[in-house]
Amino acid sequence: QPVHFSSSILIILRIIRPYLLSVVGHWILCFYYAIMGAKSLLEIQQKGAIRVENLMTIAASKLFCGVAQEEVAALLASANARWRSCAQGEVILLAGSRARDIGVVCAGEVYVAREEITGERSLLARLGAGELFAEAYACAGTTRLPVSAIAAQDCQVLLVDAQSLLAAREPVAACARVRENLIRILAQKSVLLNRRLTHLSRRSTREKVLSYFAEQAVRQGNPFTVPARQEMADFLCVERSAMCAVIGKMRAAGEIAVEGRKITLLPQKGASKA
């Protein structure tokens, strides 16, 4: 009877052994990454680069979405990450400088601009908390930045060395998630750029505005909400005054109804009902 009992125990142990190993292995890894995360937190705090209280903000950004704070700390420690507090108008990344860092807006707003030969700046994008800037140039291996990143208001940003971040191998799941997030962000910006090019290919300001309004009506329904006038003008690469004049003429002609930022496309006489 004891022999049969021992044999039964051995059979049960053989069955549950893989499960026990996986559970034990999982907890060992969790303990390891917790220790490494705490060590990384201490390291970055001692360096004065990133405060521990900023880690929650960083972990909530699009780049680190879905990654535990301890794992974020381990990644930042190996990716030469730097925390910067910038005053309004301060240049964060200057056109012509080395394209090395991925910028993460943690608080405030940053705008990306191109420096014209005349000395003027053309606004290309305005980014809020959680969004990225300069990531395409850093990942593409571009030697020099063709654009500048400037604080639109008092802000806090994280700068991460792109090559160090992409070369990281531990923690495995966190590294995979960050790469997945980065690919998604780049893809979404590519789609947005294609949408913008559709409008910019129109010749006149009126055609650009009509193209933009038609797209928004499809995306949001009619009526729809548009950004502030200056932001919309920057997006369409037109003068704000000229764009507002076009919108005013369209309103007077009964083509649209305007209530602040809410626009309604009105049916036109003679338009096909099909």
# chains A, B, ... in the order shown; residues from 1 in each chain; ligands from 1
$ residues_around --residues "Glu255 in chain A" --least-positions-apart "3" --cutoff "8 Å" --atoms "only C-alpha atoms" --output "list in words"
Met250, Arg251, Ala252, Leu265, Leu266, Pro267 and Gln268 of chain A
$ closest_atom_pairs --of "range 108-178 of chain A" --to "range 186-190 of chain A" --cutoff "10 Å" --atoms "only C-alpha atoms" --output "JSON lines"
{"residue": "A:Leu132", "atom": "CA", "partner": "A:Leu186", "partner_atom": "CA", "distance": 9.6}
{"residue": "A:Glu135", "atom": "CA", "partner": "A:Leu186", "partner_atom": "CA", "distance": 8.0}
{"residue": "A:Ala136", "atom": "CA", "partner": "A:Leu186", "partner_atom": "CA", "distance": 7.0}
{"residue": "A:Cys139", "atom": "CA", "partner": "A:Leu186", "partner_atom": "CA", "distance": 9.9}
$ write_last_selection --atoms "all heavy atoms" --output "PDB file, in the first residue's frame"
ATOM      1  N   LEU A 132       5.108  62.334 -28.159  1.00  0.00           N
ATOM      2  CA  LEU A 132       6.526  62.239 -28.479  1.00  0.00           C
ATOM      3  C   LEU A 132       6.924  63.256 -29.542  1.00  0.00           C
ATOM      4  O   LEU A 132       6.098  63.659 -30.356  1.00  0.00           O
ATOM      5  CB  LEU A 132       6.861  60.833 -29.000  1.00  0.00           C
ATOM      6  CG  LEU A 132       7.229  59.749 -27.981  1.00  0.00           C
ATOM      7  CD1 LEU A 132       6.090  59.507 -27.012  1.00  0.00           C
ATOM      8  CD2 LEU A 132       7.608  58.456 -28.680  1.00  0.00           C
ATOM      9  N   GLU A 135      11.110  61.509 -32.514  1.00  0.00           N
ATOM     10  CA  GLU A 135      11.333  60.061 -32.482  1.00  0.00           C
ATOM     11  C   GLU A 135      11.653  59.491 -33.861  1.00  0.00           C
ATOM     12  O   GLU A 135      12.458  58.559 -33.993  1.00  0.00           O
ATOM     13  CB  GLU A 135      10.119  59.348 -31.868  1.00  0.00           C
ATOM     14  CG  GLU A 135       8.861  59.284 -32.723  1.00  0.00           C
ATOM     15  CD  GLU A 135       8.077  60.566 -32.751  1.00  0.00           C
ATOM     16  OE1 GLU A 135       8.481  61.545 -32.096  1.00  0.00           O
ATOM     17  OE2 GLU A 135       7.031  60.602 -33.429  1.00  0.00           O
ATOM     18  N   ALA A 136      11.032  60.026 -34.910  1.00  0.00           N
ATOM     19  CA  ALA A 136      11.265  59.502 -36.259  1.00  0.00           C
ATOM     20  C   ALA A 136      12.708  59.744 -36.693  1.00  0.00           C
ATOM     21  O   ALA A 136      13.354  58.853 -37.263  1.00  0.00           O
ATOM     22  CB  ALA A 136      10.299  60.141 -37.252  1.00  0.00           C
ATOM     23  N   CYS A 139      15.121  57.433 -34.610  1.00  0.00           N
ATOM     24  CA  CYS A 139      15.051  56.016 -34.983  1.00  0.00           C
ATOM     25  C   CYS A 139      15.525  55.767 -36.413  1.00  0.00           C
ATOM     26  O   CYS A 139      16.005  54.675 -36.727  1.00  0.00           O
ATOM     27  CB  CYS A 139      13.621  55.496 -34.820  1.00  0.00           C
ATOM     28  SG  CYS A 139      13.047  55.469 -33.112  1.00  0.00           S
TER      29      CYS A 139
END
$ atom_distance --atom1 "CA of Ala257 in chain A" --atom2 "CA of Val191 in chain A"
29.0 Å
$ atom_distance --atom1 "CA of Ser122 in chain A" --atom2 "CA of Asp234 in chain A"
7.8 Å
